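So this block is protein.cif, mmCIF, C-alpha atoms:
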data_coords
#
loop_
_atom_site.label_atom_id
_atom_site.label_comp_id
_atom_site.auth_asym_id
_atom_site.auth_seq_id
_atom_site.Cartn_x
_atom_site.Cartn_y
_atom_site.Cartn_z
CA MET M 110 -9.25 -25.78 12.30
CA THR M 111 -6.17 -27.07 14.10
CA ASN M 112 -4.75 -30.50 13.46
CA PRO M 113 -5.49 -33.13 16.13
CA ARG M 114 -2.67 -33.30 18.66
CA ILE M 115 -1.35 -36.78 19.39
CA LEU M 116 0.85 -37.48 22.41
CA VAL M 117 3.26 -40.38 21.84
CA VAL M 118 4.57 -41.86 25.09
CA ASP M 119 7.52 -44.14 24.40
CA ASP M 120 11.12 -44.18 25.61
CA GLU M 121 12.56 -45.61 22.36
CA PRO M 122 13.93 -42.70 20.28
CA GLN M 123 13.57 -44.60 16.99
CA ILE M 124 9.86 -45.20 17.61
CA GLN M 125 9.40 -41.56 18.62
CA ARG M 126 11.03 -40.40 15.38
CA PHE M 127 9.11 -42.89 13.25
CA LEU M 128 5.74 -41.97 14.74
CA ARG M 129 6.42 -38.24 14.63
CA VAL M 130 7.09 -38.40 10.88
CA ALA M 131 4.12 -40.70 10.21
CA LEU M 132 1.69 -38.67 12.30
CA ASN M 133 2.78 -35.36 10.84
CA ALA M 134 2.46 -36.78 7.33
CA ALA M 135 -1.08 -37.91 8.17
CA GLY M 136 -2.09 -34.41 9.24
CA TYR M 137 -1.65 -34.73 13.00
CA GLU M 138 0.48 -32.66 15.36
CA ALA M 139 2.78 -35.09 17.16
CA ILE M 140 4.15 -34.36 20.62
CA ALA M 141 6.35 -36.70 22.64
CA ALA M 142 7.00 -37.94 26.16
CA ALA M 143 9.60 -40.51 27.18
CA THR M 144 8.45 -41.15 30.76
CA GLY M 145 5.25 -41.49 32.72
CA ALA M 146 5.89 -38.22 34.51
CA GLU M 147 6.35 -36.36 31.23
CA ALA M 148 3.19 -38.00 29.87
CA LEU M 149 0.99 -36.82 32.74
CA LYS M 150 2.44 -33.32 32.51
CA ALA M 151 1.68 -33.24 28.76
CA VAL M 152 -1.88 -34.54 29.22
CA VAL M 153 -2.64 -31.75 31.68
CA GLY M 154 -0.62 -28.96 30.07
CA LYS M 155 -0.95 -29.63 26.33
CA ALA M 156 -4.41 -31.23 26.15
CA PRO M 157 -3.74 -33.82 23.43
CA ASP M 158 -6.66 -35.20 21.40
CA ALA M 159 -5.34 -38.76 21.78
CA VAL M 160 -2.49 -40.61 23.48
CA VAL M 161 -0.40 -43.50 22.15
CA LEU M 162 1.01 -45.12 25.30
CA ASP M 163 3.75 -47.73 25.56
CA LEU M 164 3.35 -49.98 28.61
CA GLY M 165 7.13 -50.34 29.13
CA LEU M 166 8.30 -46.99 30.48
CA PRO M 167 11.53 -46.37 32.42
CA ASP M 168 10.07 -44.64 35.46
CA ARG M 169 6.61 -46.16 35.95
CA ASP M 170 4.43 -49.01 34.78
CA GLY M 171 2.34 -47.91 31.82
CA LYS M 172 -0.84 -49.21 33.48
CA ASP M 173 -0.24 -46.90 36.44
CA VAL M 174 0.24 -43.99 34.05
CA LEU M 175 -3.01 -44.91 32.32
CA ALA M 176 -4.85 -44.98 35.64
CA ASP M 177 -3.53 -41.50 36.45
CA ILE M 178 -4.54 -40.22 33.00
CA ARG M 179 -8.03 -41.61 33.51
CA ALA M 180 -8.26 -39.80 36.84
CA VAL M 181 -8.01 -36.45 35.07
CA SER M 182 -9.04 -37.00 31.44
CA ARG M 183 -11.19 -39.07 29.08
CA VAL M 184 -8.72 -38.53 26.22
CA PRO M 185 -8.59 -41.61 23.93
CA VAL M 186 -5.63 -43.84 24.82
CA ILE M 187 -4.20 -46.46 22.47
CA ILE M 188 -1.81 -48.91 24.10
CA LEU M 189 1.40 -50.13 22.45
CA SER M 190 2.16 -53.59 23.80
CA ALA M 191 4.68 -56.35 23.21
CA ARG M 192 3.16 -59.58 21.89
CA ASP M 193 4.07 -61.58 25.02
CA ARG M 194 2.30 -59.27 27.46
CA GLU M 195 -1.30 -60.33 26.86
CA ALA M 196 -2.28 -60.04 30.52
CA GLU M 197 -1.06 -56.45 30.59
CA LYS M 198 -3.08 -55.58 27.49
CA ILE M 199 -6.20 -56.94 29.16
CA ALA M 200 -5.45 -55.05 32.37
CA ALA M 201 -4.91 -51.82 30.42
CA LEU M 202 -8.20 -52.21 28.56
CA ASP M 203 -9.99 -52.88 31.83
CA LEU M 204 -8.41 -49.71 33.24
CA GLY M 205 -9.95 -47.63 30.46
CA ALA M 206 -7.68 -47.83 27.41
CA ASP M 207 -9.62 -47.43 24.17
CA ASP M 208 -7.62 -49.89 22.07
CA TYR M 209 -4.26 -51.58 21.72
CA VAL M 210 -1.73 -52.28 18.99
CA GLU M 211 0.89 -54.99 19.33
CA LYS M 212 4.62 -54.40 18.89
CA PRO M 213 6.00 -54.74 16.30
CA PHE M 214 3.15 -52.82 14.70
CA GLY M 215 2.11 -51.69 11.24
CA ILE M 216 1.64 -47.94 10.86
CA GLY M 217 -1.51 -48.49 8.81
CA GLU M 218 -3.15 -50.41 11.64
CA LEU M 219 -2.14 -47.83 14.22
CA MET M 220 -3.54 -44.99 12.09
CA ALA M 221 -6.81 -46.84 11.60
CA ARG M 222 -7.18 -47.44 15.35
CA LEU M 223 -6.31 -43.79 15.99
CA ARG M 224 -8.94 -42.53 13.53
CA THR M 225 -11.56 -44.73 15.19
CA ALA M 226 -10.65 -43.50 18.67
CA LEU M 227 -10.78 -39.86 17.59
CA ARG M 228 -14.10 -40.39 15.83
CA HIS M 229 -15.62 -41.93 18.96
CA ALA M 230 -14.29 -39.12 21.13
CA SER M 231 -15.81 -36.45 18.88
CA SER M 232 -19.29 -38.05 18.88
CA ALA M 233 -21.54 -36.64 21.57
CA PRO M 234 -23.31 -39.41 23.50
CA ALA M 235 -26.66 -37.77 22.86
CA LEU M 236 -26.07 -38.10 19.14
CA ALA M 237 -24.88 -41.69 19.25
CA PRO M 238 -26.62 -43.70 16.51
CA THR M 239 -29.32 -46.12 17.61
CA VAL M 240 -29.12 -48.10 14.35
CA PHE M 241 -26.16 -50.31 13.46
CA ARG M 242 -25.70 -51.76 9.95
CA LYS M 243 -23.01 -54.13 8.76
CA ASP M 244 -22.96 -56.82 6.03
CA GLY M 245 -26.75 -57.18 5.90
CA LEU M 246 -27.20 -57.07 9.70
CA LEU M 247 -29.37 -54.29 11.13
CA VAL M 248 -29.66 -53.59 14.85
CA ASP M 249 -32.23 -50.91 15.71
CA GLN M 250 -31.98 -50.39 19.46
CA GLU M 251 -34.80 -47.84 19.62
CA ARG M 252 -37.28 -50.32 18.11
CA ARG M 253 -35.50 -53.34 19.65
CA LEU M 254 -35.32 -54.85 16.17
CA VAL M 255 -32.63 -57.10 14.67
CA THR M 256 -32.76 -58.22 11.03
CA ARG M 257 -30.47 -60.16 8.70
CA ASP M 258 -30.94 -59.28 4.99
CA GLY M 259 -34.36 -57.90 5.88
CA ALA M 260 -35.55 -60.98 7.77
CA PRO M 261 -36.17 -60.79 11.54
CA VAL M 262 -33.53 -62.46 13.72
CA LYS M 263 -34.92 -64.18 16.80
CA LEU M 264 -32.67 -63.64 19.79
CA THR M 265 -33.05 -64.60 23.43
CA PRO M 266 -33.08 -61.63 25.84
CA LYS M 267 -29.49 -62.36 26.90
CA GLU M 268 -28.31 -62.73 23.26
CA TYR M 269 -29.89 -59.36 22.50
CA ASP M 270 -28.19 -57.77 25.51
CA LEU M 271 -24.85 -59.20 24.38
CA LEU M 272 -25.34 -57.98 20.82
CA THR M 273 -26.29 -54.44 21.85
CA SER M 274 -23.38 -54.32 24.29
CA LEU M 275 -21.00 -55.07 21.42
CA VAL M 276 -22.80 -52.56 19.19
CA ARG M 277 -22.37 -49.80 21.78
CA HIS M 278 -18.60 -50.41 21.66
CA ALA M 279 -18.43 -50.94 17.88
CA GLY M 280 -14.93 -50.46 16.52
CA ARG M 281 -13.30 -50.99 19.90
CA VAL M 282 -11.89 -54.10 21.49
CA VAL M 283 -13.87 -55.08 24.59
CA THR M 284 -12.36 -57.52 27.08
CA HIS M 285 -14.09 -60.67 28.29
CA ARG M 286 -14.31 -59.13 31.76
CA GLN M 287 -15.90 -55.91 30.47
CA ILE M 288 -18.56 -57.78 28.48
CA LEU M 289 -19.37 -60.20 31.29
CA LYS M 290 -19.69 -57.38 33.82
CA GLU M 291 -21.91 -55.31 31.53
CA VAL M 292 -24.20 -58.13 30.37
CA TRP M 293 -24.20 -60.61 33.29
CA GLY M 294 -23.04 -58.52 36.23
CA PRO M 295 -19.93 -58.28 38.47
CA ALA M 296 -20.36 -61.80 39.86
CA HIS M 297 -19.71 -63.34 36.43
CA THR M 298 -16.53 -61.57 35.29
CA GLU M 299 -14.53 -64.82 35.22
CA ASP M 300 -17.07 -66.89 33.24
CA THR M 301 -15.20 -66.65 29.93
CA GLN M 302 -16.24 -70.10 28.72
CA TYR M 303 -19.87 -69.11 29.29
CA LEU M 304 -19.28 -66.03 27.15
CA ARG M 305 -17.72 -68.08 24.33
CA VAL M 306 -20.84 -70.24 24.19
CA PHE M 307 -23.07 -67.17 23.86
CA ILE M 308 -20.80 -65.58 21.25
CA GLY M 309 -21.04 -68.81 19.23
CA GLN M 310 -24.83 -68.80 19.48
CA LEU M 311 -24.97 -65.13 18.49
CA ARG M 312 -22.66 -65.60 15.51
CA ALA M 313 -24.83 -68.49 14.28
CA LYS M 314 -27.72 -66.03 14.04
CA VAL M 315 -26.10 -62.81 12.78
CA GLU M 316 -23.08 -63.85 10.67
CA ARG M 317 -23.34 -65.01 7.05
CA ASP M 318 -20.68 -67.62 7.81
CA PRO M 319 -20.26 -68.19 11.56
CA SER M 320 -17.02 -70.11 10.91
CA ALA M 321 -15.51 -67.00 9.28
CA PRO M 322 -17.10 -64.09 11.17
CA THR M 323 -16.94 -60.60 9.64
CA ILE M 324 -19.04 -58.74 12.22
CA ILE M 325 -18.01 -60.07 15.64
CA ARG M 326 -14.24 -60.55 15.56
CA THR M 327 -12.25 -62.42 18.19
CA GLU M 328 -9.29 -60.65 19.78
CA PRO M 329 -7.38 -63.80 20.86
CA GLY M 330 -6.98 -64.08 24.60
CA VAL M 331 -8.42 -60.61 25.14
CA GLY M 332 -12.05 -60.27 24.05
CA TYR M 333 -14.10 -59.27 21.03
CA ARG M 334 -14.48 -56.40 18.58
CA MET M 335 -17.68 -55.47 16.74
CA VAL M 336 -16.51 -54.37 13.30
CA GLU M 337 -17.75 -50.86 12.63
CA ALA M 338 -20.42 -50.26 10.01
#
Reformat the file's structure so that it appears as structure tokens.
Amino acid sequence: MTNPRILVVDDEPQIQRFLRVALNAAGYEAIAAATGAEALKAVVGKAPDAVVLDLGLPDRDGKDVLADIRAVSRVPVIILSARDREAEKIAALDLGADDYVEKPFGIGELMARLRTALRHASSAPALAPTVFRKDGLLVDQERRLVTRDGAPVKLTPKEYDLLTSLVRHAGRVVTHRQILKEVWGPAHTEDTQYLRVFIGQLRAKVERDPSAPTIIRTEPGVGYRMVEA
């Protein structure tokens, strides 16, 4: 079995060197690209198992590179983003990125996000689990059943739709716009305050301590992440 091949797209040589060593040590095969053009060539020619993509590239905007990648491949893409570019992170996620890690970043966090992305990519949709379990919460989509420590949880139809939407994306950050479009429809993609109200109602029913949620995590300014079981 060959090691997963990870394409690192970043024009900073020190980051390239750092990630190459870290990825190789973790059992991955690291390949590199310093420009958007090189990245697209590598995606097509070297078929990486995942891509770590910096948004600040010298020849093209990283979001444009992502859009071109998505036109030819569903390879998992993890965005590297500076802390002050929140709007770009959101735009990249809406364009189809699987996750993001802020610069400066911890290698442990990046590796964890990478493992999650690879795990999702290797799971056939037909085999996707219909039961989610985390911290005493059980969501059985086949039976349309939600329980907390064995006791039924009463949800409104829209709360249930919101919960199952988050479950389907468990482990991944989902933007406000993505959730609103999926649960309420395209006409409601800007209703972020409306979404916050529903998230609060949902947390009150599924979290042990809604003031310190462990299941539905907030990604500040971006969206939410359902912590994987």
Legend entry - Picked residues, the PyMOL selection byres ((chain M and resi 119) around 10), as a ChimeraX atom specification: /M:116-118,120-125,141-145,148,161-167,171,189
Inset, instruction - For the structure provided, state which residues fall under the PyMOL selection byres ((chain M and resi 221-230) around 8), and present them as number ranges by chain. - result: M: 158-159, 184-187, 207-208, 217-220, 231-233, 280
Inset, instruction - Just say which residues the PyMOL selection byres ((chain M and resi 294-304) around 12) picks in this file, as JSON, numbers by chain. - result: {"M": [203, 267, 268, 270, 271, 272, 284, 285, 286, 287, 288, 289, 290, 291, 292, 293, 305, 306, 307, 308, 309, 310, 311, 327, 330, 331, 332, 333]}
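For the choices M:Lys212, M:Arg277, M:Arg179, M:Lys172, the atom-to-atom distance to M:Ala200 is smallest for M:Lys172 when using only C-alpha atoms.
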Inset, instruction - Kindly extract all protein, DNA and RNA residues lying within 6 Å of the coordinates (-7.1, -53.3, 23.1) given in the file, considering all atoms listed in the file, and supply them as a ChimeraX atom specification. - result: /M:202,208-209,282
Inset, instruction - Please check which residues have atoms at most 12 Å from (-26.8, -53.1, 3.9) in the file's coordinates, counting all atoms listed in the file, and write them as a PyMOL selection string. - result: chain M and resi 240-248+256-259+338
Writing out the chosen residues with C-alpha atoms as a PDB file, in the coordinates of the input:
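Output saved as out32.pdb:
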ATOM      1  CA  VAL M 240     -29.120 -48.100  14.350  1.00  0.00           C
ATOM      2  CA  PHE M 241     -26.160 -50.310  13.460  1.00  0.00           C
ATOM      3  CA  ARG M 242     -25.700 -51.760   9.950  1.00  0.00           C
ATOM      4  CA  LYS M 243     -23.010 -54.130   8.760  1.00  0.00           C
ATOM      5  CA  ASP M 244     -22.960 -56.820   6.030  1.00  0.00           C
ATOM      6  CA  GLY M 245     -26.750 -57.180   5.900  1.00  0.00           C
ATOM      7  CA  LEU M 246     -27.200 -57.070   9.700  1.00  0.00           C
ATOM      8  CA  LEU M 247     -29.370 -54.290  11.130  1.00  0.00           C
ATOM      9  CA  VAL M 248     -29.660 -53.590  14.850  1.00  0.00           C
ATOM     10  CA  THR M 256     -32.760 -58.220  11.030  1.00  0.00           C
ATOM     11  CA  ARG M 257     -30.470 -60.160   8.700  1.00  0.00           C
ATOM     12  CA  ASP M 258     -30.940 -59.280   4.990  1.00  0.00           C
ATOM     13  CA  GLY M 259     -34.360 -57.900   5.880  1.00  0.00           C
ATOM     14  CA  ALA M 338     -20.420 -50.260  10.010  1.00  0.00           C
TER      15      ALA M 338
END
Inset, instruction - Can you work out the spacing between atom CA of M:Ile178 and atom CA of M:Val153 in Å, to one decimal? - result: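 Between atom CA of M:Ile178 and atom CA of M:Val153 the gap is 8.8 Å.
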Could you give me the centre and size, in Å to one decimal, of an axis-aligned box around all listed atoms of stretch 179-187 of chain M with 5 Å added on every side, as JSON?
{"center_x": -7.7, "center_y": -41.5, "center_z": 29.7, "size_x": 17.0, "size_y": 20.0, "size_z": 24.4}
Legend entry - For M:Leu204, the nearest of the candidates M:Val174, M:Arg129, M:Arg334, M:Ala191, counting only C-alpha atoms: M:Val174
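Residue nearest M:Gln250, chosen from M:Val276, M:Leu264, M:Ala196, M:Ala131 and counting all atoms listed in the file: M:Val276.
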Inset, instruction - Check the smallest atom-to-atom distance from each of M:Leu132, M:Ile115, M:Arg126, M:Glu195 to M:Lys155 using all atoms listed in the file, then report the winner. - result: M:Ile115
Inset, instruction - Choose the residue, out of M:Val315, M:Ala146, M:Leu254, M:Val336, that has the smallest atom-to-atom separation from M:Arg281; count only C-alpha atoms. - result: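 Nearest candidate to M:Arg281 out of M:Val315, M:Ala146, M:Leu254, M:Val336: M:Val336.
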Selected stretch 157-261 of chain M, written as a compact mmCIF listing (two decimals), in the first residue's frame, C-alpha atoms:
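The resulting file, out-v1.txt, is reproduced below:
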# COMPACT_ATOMS: atom_id res chain seq x y z
CA PRO M 157 -2.50 13.73 -4.91
CA ASP M 158 -4.74 12.29 -2.18
CA ALA M 159 -5.11 15.72 -0.57
CA VAL M 160 -4.03 19.32 -1.14
CA VAL M 161 -2.86 21.90 1.40
CA LEU M 162 -3.44 25.23 -0.35
CA ASP M 163 -2.21 28.66 0.68
CA LEU M 164 -4.53 31.46 -0.45
CA GLY M 165 -1.65 33.92 -1.03
CA LEU M 166 0.10 32.73 -4.17
CA PRO M 167 2.36 34.85 -6.41
CA ASP M 168 0.64 34.21 -9.74
CA ARG M 169 -3.05 33.72 -8.92
CA ASP M 170 -5.53 34.13 -6.11
CA GLY M 171 -5.80 30.89 -4.15
CA LYS M 172 -9.60 30.93 -4.44
CA ASP M 173 -9.32 30.91 -8.23
CA VAL M 174 -6.92 27.98 -8.02
CA LEU M 175 -9.38 26.16 -5.77
CA ALA M 176 -12.20 26.76 -8.25
CA ASP M 177 -10.06 25.30 -11.04
CA ILE M 178 -9.16 22.29 -8.89
CA ARG M 179 -12.83 21.70 -8.16
CA ALA M 180 -13.58 21.78 -11.88
CA VAL M 181 -11.44 18.68 -12.41
CA SER M 182 -11.17 16.90 -9.05
CA ARG M 183 -12.90 16.20 -5.73
CA VAL M 184 -9.55 15.81 -3.96
CA PRO M 185 -9.75 17.06 -0.34
CA VAL M 186 -8.42 20.62 -0.05
CA ILE M 187 -7.33 22.20 3.22
CA ILE M 188 -6.83 25.95 3.08
CA LEU M 189 -3.96 27.76 4.82
CA SER M 190 -5.12 31.27 5.64
CA ALA M 191 -3.81 34.31 7.48
CA ARG M 192 -5.84 35.26 10.56
CA ASP M 193 -6.98 38.60 9.09
CA ARG M 194 -8.51 37.11 5.95
CA GLU M 195 -11.74 35.73 7.40
CA ALA M 196 -13.83 36.67 4.36
CA GLU M 197 -11.46 34.74 2.11
CA LYS M 198 -11.69 31.65 4.32
CA ILE M 199 -15.47 31.77 4.05
CA ALA M 200 -15.31 32.25 0.28
CA ALA M 201 -12.90 29.31 -0.06
CA LEU M 202 -15.15 27.03 2.00
CA ASP M 203 -18.14 28.06 -0.09
CA LEU M 204 -16.12 27.24 -3.22
CA GLY M 205 -15.60 23.67 -2.02
CA ALA M 206 -12.62 23.61 0.35
CA ASP M 207 -12.91 20.85 2.93
CA ASP M 208 -11.37 22.71 5.86
CA TYR M 209 -9.03 25.53 6.79
CA VAL M 210 -6.13 26.12 9.17
CA GLU M 211 -5.07 29.60 10.20
CA LYS M 212 -1.52 30.91 9.86
CA PRO M 213 0.48 30.70 12.02
CA PHE M 214 -0.62 27.11 12.48
CA GLY M 215 0.22 24.18 14.73
CA ILE M 216 1.38 21.05 12.92
CA GLY M 217 -0.74 18.88 15.20
CA GLU M 218 -3.91 20.70 14.18
CA LEU M 219 -3.03 20.52 10.49
CA MET M 220 -2.35 16.77 10.72
CA ALA M 221 -5.64 16.18 12.50
CA ARG M 222 -7.57 18.12 9.85
CA LEU M 223 -5.69 16.23 7.13
CA ARG M 224 -6.53 12.83 8.66
CA THR M 225 -10.20 13.81 8.83
CA ALA M 226 -10.26 14.97 5.21
CA LEU M 227 -8.59 11.78 3.99
CA ARG M 228 -10.95 9.64 6.05
CA HIS M 229 -13.99 11.38 4.55
CA ALA M 230 -12.60 11.02 1.04
CA SER M 231 -12.04 7.28 1.47
CA SER M 232 -15.60 6.62 2.73
CA ALA M 233 -17.97 5.65 -0.05
CA PRO M 234 -21.24 7.61 0.16
CA ALA M 235 -23.22 4.38 0.05
CA LEU M 236 -21.46 3.24 3.20
CA ALA M 237 -21.85 6.51 5.07
CA PRO M 238 -23.07 5.81 8.63
CA THR M 239 -26.69 6.65 9.39
CA VAL M 240 -26.06 6.71 13.16
CA PHE M 241 -24.05 9.45 14.87
CA ARG M 242 -22.91 9.15 18.51
CA LYS M 243 -21.09 11.72 20.58
CA ASP M 244 -21.05 12.46 24.35
CA GLY M 245 -24.35 10.69 25.02
CA LEU M 246 -26.09 12.09 21.93
CA LEU M 247 -27.42 9.59 19.37
CA VAL M 248 -28.78 10.63 15.98
CA ASP M 249 -30.27 7.74 13.98
CA GLN M 250 -31.25 9.19 10.62
CA GLU M 251 -32.73 5.95 9.29
CA ARG M 252 -35.21 5.77 12.19
CA ARG M 253 -35.42 9.58 12.51
CA LEU M 254 -34.54 9.19 16.18
CA VAL M 255 -32.56 11.54 18.44
CA THR M 256 -31.75 10.62 22.04
CA ARG M 257 -29.67 12.16 24.84
CA ASP M 258 -28.36 9.60 27.38
CA GLY M 259 -31.06 7.22 26.19
CA ALA M 260 -33.94 9.69 26.56
CA PRO M 261 -35.79 10.94 23.45
